[in-house]
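Peer 1: Just passing along the structure, written as structure tokens.
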Amino acid sequence: MFHGSMVALVTPMQADGSIDWESLRGLIEFHVQAGTDAIVAVGTTGESSTLDEQEHCEVIRRVVKQAAGRLPVIAGTGSNNTREAIDYTRCAMEAGADAALLVVPYYNKPTQEGMYQHFKAVADAVPMPQILYNVPGRTGCDLHNDTVERLSHISNIVGIKDATGDLARGKELVERCGERLDIFSGDDATTMEFILQGGKGCISVTANVAPQAMHELCAAALAGDRERASAINDRLLPLHKGLFVEGNPIPVKWALAELGRIPSGLRLPLTPLSSQYHERIRDALRHAGLL
């Protein structure tokens with residue numbers, strides 16, 4: 001259903017933390033023109049954890065309206081509160097989003113059965129396409145491949161974003177669930193190999209600053225063209241790594257501000273990128289031909 005380079009879009013903010021709606025509009029146009037294959041709104045990179053419910057749903061509505069069918073919109077609707085996840089997912093469906101992205105419940109550490117029942121409850125309550133999101137480095141909880149396989153039999157669960165960075169694990173997911181689920185990388189640094197071994201694309205942080213290159217990288221890998229994909233990936237590798245020198249989205253918002261695309265605003269507890277990393281990110285932008 002979805003494929004290629006899907007940007008995990010930042011939520012632009014002014015210095016006081018208020019959402020910069022005009023910059024958000026500009027980013028969407030930037031991605032449409034650059035060939036980005038889908039937009040993921042209010043995920044981790046979109047600072048969903050610091051948006052209130054009204055802001056969360058308003059960002060989804062505005063992204064859907066601005067995209068205007070020119071590229072799919074996937075809305076981040078996950079929560080560690082199952083009822084809240086259902087509410088956010090229903091909001092996304094009513095706004096016209098093409099799918100919802102639901103992160104593994106964080107902090108409260110449910111069992112595998114608890115995670116299965118959580119995702120099943122959301123899928124049963126809201127009849128829209130849903131993509132699972134496993135990022136144990138952030139959630140403190142790991143959705144096992146056995147549980148993903150169980151969930152793959154629920155008709156409106158259509159994909160999974162695997163952000164473990166474990167290529168062997170991703171390959172196993174493709175082999176076990178690839179006929180029922182689209183398997184996406186959530187780790188830019190391993191995306192090329194992930195797609196070459198059967199993944200359908202990447203939900204990407206790097207695509208915020210290098211959307212055309214990430215689109216071309218994913219397209220080459222999907223076509224099985226390792227040589228072209230490698231050439232593009234070599235240009236982007238310092239960005240793949242540099243954009244995680246501090247907690248995402250701190251570095252990528254700094255990079256976008258450096259490129260003049262957004263103001264530099266973040267919301268606490270996130271703080272501006274430490275000065276010791278500024279030149280490293282600039283060097284990565286230069287290496288990618290962006291600065």
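A note on labels: chains of the structure tokens are A, B, ... as shown, every chain counts residues from 1, and ligands are counted from 1 in their shown order.
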Within 6 Å of region 247-251 of chain A, counting only C-alpha atoms, which residues show up once you throw out same-chain ones fewer than 3 positions away? Write them as an mmCIF file with N, CA and C atoms, in the first residue's frame, please.

Peer 2:
data_model
loop_
_atom_site.group_PDB
_atom_site.id
_atom_site.type_symbol
_atom_site.label_atom_id
_atom_site.label_comp_id
_atom_site.auth_asym_id
_atom_site.auth_seq_id
_atom_site.Cartn_x
_atom_site.Cartn_y
_atom_site.Cartn_z
ATOM 1 N N THR A 45 9.344 12.222 15.434
ATOM 2 C CA THR A 45 10.054 13.381 14.892
ATOM 3 C C THR A 45 9.175 14.622 14.900
ATOM 4 N N LEU A 243 22.305 13.053 12.389
ATOM 5 C CA LEU A 243 20.985 13.499 12.843
ATOM 6 C C LEU A 243 20.523 12.770 14.104
ATOM 7 N N TRP A 254 17.522 21.480 13.987
ATOM 8 C CA TRP A 254 18.631 22.421 13.845
ATOM 9 C C TRP A 254 19.078 22.491 12.387
ATOM 10 N N LEU A 273 20.270 22.078 19.900
ATOM 11 C CA LEU A 273 21.445 21.243 19.646
ATOM 12 C C LEU A 273 22.683 21.851 20.301
#

Peer 1: Applying 10 Å and only C-alpha atoms, which residues near Ser155 (chain A) remain after dropping the ones on its own chain fewer than 4 positions away? List them as a list in words.

Peer 2: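 Returned residues: Ala123, Asp124, Pro127, Met128, Pro129, Gln130, Leu151, Arg180 and Leu181 of chain A.
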
Peer 1: With N, CA and C atoms retained, export the selected residues as a compact mmCIF listing (two decimals), in the first residue's frame.

Peer 2:
# COMPACT_ATOMS: atom_id res chain seq x y z
N ALA A 123 -7.30 -1.52 16.09
CA ALA A 123 -7.72 -1.95 14.75
C ALA A 123 -9.21 -2.27 14.70
N ASP A 124 -9.72 -2.91 15.75
CA ASP A 124 -11.15 -3.23 15.78
C ASP A 124 -12.01 -1.98 15.92
N PRO A 127 -11.74 1.53 11.61
CA PRO A 127 -11.55 0.78 10.38
C PRO A 127 -10.75 1.54 9.32
N MET A 128 -9.48 1.82 9.64
CA MET A 128 -8.59 2.44 8.65
C MET A 128 -7.29 1.66 8.64
N PRO A 129 -6.48 1.76 7.57
CA PRO A 129 -5.20 1.06 7.54
C PRO A 129 -4.29 1.52 8.67
N GLN A 130 -3.61 0.57 9.30
CA GLN A 130 -2.77 0.88 10.46
C GLN A 130 -1.41 0.22 10.31
N LEU A 151 -0.36 -10.32 14.65
CA LEU A 151 -1.09 -9.11 14.28
C LEU A 151 -1.28 -8.99 12.77
N ARG A 180 1.61 -10.30 3.84
CA ARG A 180 0.45 -9.65 4.48
C ARG A 180 0.74 -8.23 4.92
N LEU A 181 2.01 -7.93 5.24
CA LEU A 181 2.38 -6.61 5.74
C LEU A 181 3.45 -6.00 4.85

Peer 1: Give the strand (DSSP E) residues of region 176-264 of chain A, as DSSP finds them on the backbone, and put them as a list in words.

Peer 2: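 Matching residues for strand (DSSP E) in region 176-264 of chain A are Asp182, Ile183, Phe184, Ser185, Gly201, Cys202, Ile203 and Ser204 of chain A.
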
Peer 1: Can those selected residues be exported to a file as a PDB file, in the first residue's frame so that it contains N, CA and C atoms?

Peer 2:
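Result file selection04.pdb:
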ATOM      1  N   ASP A 182       3.407  -4.668   4.708  1.00  0.00           N
ATOM      2  CA  ASP A 182       4.540  -3.922   4.152  1.00  0.00           C
ATOM      3  C   ASP A 182       5.520  -3.678   5.290  1.00  0.00           C
ATOM      4  N   ILE A 183       6.781  -4.045   5.073  1.00  0.00           N
ATOM      5  CA  ILE A 183       7.800  -3.928   6.116  1.00  0.00           C
ATOM      6  C   ILE A 183       8.683  -2.725   5.787  1.00  0.00           C
ATOM      7  N   PHE A 184       8.730  -1.747   6.692  1.00  0.00           N
ATOM      8  CA  PHE A 184       9.479  -0.514   6.469  1.00  0.00           C
ATOM      9  C   PHE A 184      10.626  -0.399   7.464  1.00  0.00           C
ATOM     10  N   SER A 185      11.719   0.182   7.003  1.00  0.00           N
ATOM     11  CA  SER A 185      12.813   0.522   7.905  1.00  0.00           C
ATOM     12  C   SER A 185      12.476   1.802   8.657  1.00  0.00           C
ATOM     13  N   GLY A 201      10.367   0.200   2.010  1.00  0.00           N
ATOM     14  CA  GLY A 201      10.721   1.614   2.070  1.00  0.00           C
ATOM     15  C   GLY A 201      11.210   1.984   3.446  1.00  0.00           C
ATOM     16  N   CYS A 202      11.222   3.282   3.705  1.00  0.00           N
ATOM     17  CA  CYS A 202      11.751   3.814   4.958  1.00  0.00           C
ATOM     18  C   CYS A 202      10.872   4.957   5.448  1.00  0.00           C
ATOM     19  N   ILE A 203      10.607   4.971   6.745  1.00  0.00           N
ATOM     20  CA  ILE A 203      10.036   6.154   7.387  1.00  0.00           C
ATOM     21  C   ILE A 203      11.221   6.902   7.972  1.00  0.00           C
ATOM     22  N   SER A 204      11.567   8.016   7.332  1.00  0.00           N
ATOM     23  CA  SER A 204      12.910   8.580   7.384  1.00  0.00           C
ATOM     24  C   SER A 204      12.985   9.932   8.078  1.00  0.00           C
TER      25      SER A 204
END

Peer 1: Need to verify the contact set: Glu227 (chain A), 12 Å, only C-alpha atoms, exclusion of same-chain residues closer than 5 positions in sequence. Can you return it as a PyMOL selection string?

Peer 2: chain A and resi 192-193+196+217+220-221+232-234

Peer 1: For each of A:Gly242, A:Gly137, A:Gly4, A:Pro105, take the minimum atom-to-atom distance to Ser79 (chain A), counting only C-alpha atoms, then give the residue where this is smallest.

Peer 2: A:Pro105

Peer 1: Report the residues of region 92-175 of chain A whose backbone DSSP state falls under alpha helix (DSSP H), written as an MDAnalysis selection string.

Peer 2: chainID A and resid 92:95 112:125 136:139 145:151 167:175

Peer 1: Counting only C-alpha atoms, which residues in region 93-201 of chain A sit no more than 12 Å from region 68-74 of chain A? For each one, give the nearest pair of atoms and the distance in Å, sorted by chain then residue number, as JSON lines.

Peer 2:
{"residue": "A:Met93", "atom": "CA", "partner": "A:Ile74", "partner_atom": "CA", "distance": 10.0}
{"residue": "A:Ala95", "atom": "CA", "partner": "A:Val73", "partner_atom": "CA", "distance": 10.3}
{"residue": "A:Gly96", "atom": "CA", "partner": "A:Val73", "partner_atom": "CA", "distance": 8.5}
{"residue": "A:Ala97", "atom": "CA", "partner": "A:Val73", "partner_atom": "CA", "distance": 5.3}
{"residue": "A:Asp98", "atom": "CA", "partner": "A:Val73", "partner_atom": "CA", "distance": 5.4}
{"residue": "A:Ala99", "atom": "CA", "partner": "A:Ile74", "partner_atom": "CA", "distance": 4.7}
{"residue": "A:Ala100", "atom": "CA", "partner": "A:Ile74", "partner_atom": "CA", "distance": 5.3}
{"residue": "A:Leu101", "atom": "CA", "partner": "A:Ile74", "partner_atom": "CA", "distance": 6.5}
{"residue": "A:Leu102", "atom": "CA", "partner": "A:Ile74", "partner_atom": "CA", "distance": 10.1}
{"residue": "A:Met128", "atom": "CA", "partner": "A:Ile74", "partner_atom": "CA", "distance": 10.8}
{"residue": "A:Pro129", "atom": "CA", "partner": "A:Ile74", "partner_atom": "CA", "distance": 9.3}
{"residue": "A:Gln130", "atom": "CA", "partner": "A:Ile74", "partner_atom": "CA", "distance": 8.8}
{"residue": "A:Ile131", "atom": "CA", "partner": "A:Ile74", "partner_atom": "CA", "distance": 8.8}
{"residue": "A:Leu132", "atom": "CA", "partner": "A:Ile74", "partner_atom": "CA", "distance": 11.6}
{"residue": "A:Gly159", "atom": "CA", "partner": "A:Ile74", "partner_atom": "CA", "distance": 11.6}
{"residue": "A:Lys161", "atom": "CA", "partner": "A:Ile74", "partner_atom": "CA", "distance": 11.9}

Peer 1: Excluding Val10 (chain A) and any residue of its chain fewer than 6 positions from it, enumerate the residues within 12 Å of it, using only C-alpha atoms, and give them as a ChimeraX atom specification.

Peer 2: /A:19-21,23-28,39-48,59,63,76,204-209,248-257,261-266

Peer 1: Using only C-alpha atoms, which of A:Ala125, A:Ser152, A:Asp87, A:Thr147 sits nearest Thr111 (chain A)?

Peer 2: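 Checking each of A:Ala125, A:Ser152, A:Asp87, A:Thr147 against Thr111 (chain A), counting only C-alpha atoms, the winner is A:Thr147.
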
Peer 1: So, with only C-alpha atoms as the atoms that count, which of A:Met115, A:Ala163, A:Leu291, A:Cys57 lies closest to Asn81 (chain A)?

Peer 2: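 Answer, going by the shortest atom-to-atom distance: A:Met115.
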
Peer 1: Can you tell me, as a list in words, what residues are no more than 8 Å from region 84-86 of chain A when counting only C-alpha atoms, ignoring any on the same chain fewer than 2 positions away?

Peer 2: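 The residues satisfying every condition are Thr77, Gly78, Ser79, Asn80, Asn81, Thr82, Tyr88, Thr89, Arg90, Leu102, Ala121, Val122, Ala125 and Val126 of chain A.
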
Peer 1: Write out as a list in words the residues lying within 9 Å of His287 (chain A), counting only C-alpha atoms and excluding same-chain residues fewer than 5 positions away.

Peer 2: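 In the requested format, the answer is Arg235, Leu236, Leu237, Pro238, Leu239 and Arg282 of chain A.
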
Peer 1: Applying 8 Å and only C-alpha atoms, which residues near Phe194 (chain A) remain after dropping the ones on its own chain fewer than 5 positions away? List them as a list in words.

Peer 2: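 The contact residues come out as Leu167, Gly170, Lys171, Ser185 and Gly199 of chain A.
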
Peer 1: Counting only C-alpha atoms, which of A:Glu22, A:Val64, A:Thr191, A:His240 gets nearest to Cys218 (chain A)?

Peer 2: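 Residue with the minimum atom-to-atom distance to Cys218 (chain A): A:Thr191.
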
Peer 1: Rank nothing, just name the residue among A:Gly260, A:Gly140, A:Pro110, A:Gly198 nearest to Pro12 (chain A), using only C-alpha atoms.

Peer 2: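 Of A:Gly260, A:Gly140, A:Pro110, A:Gly198, the one nearest Pro12 (chain A), counting only C-alpha atoms, is A:Gly260.
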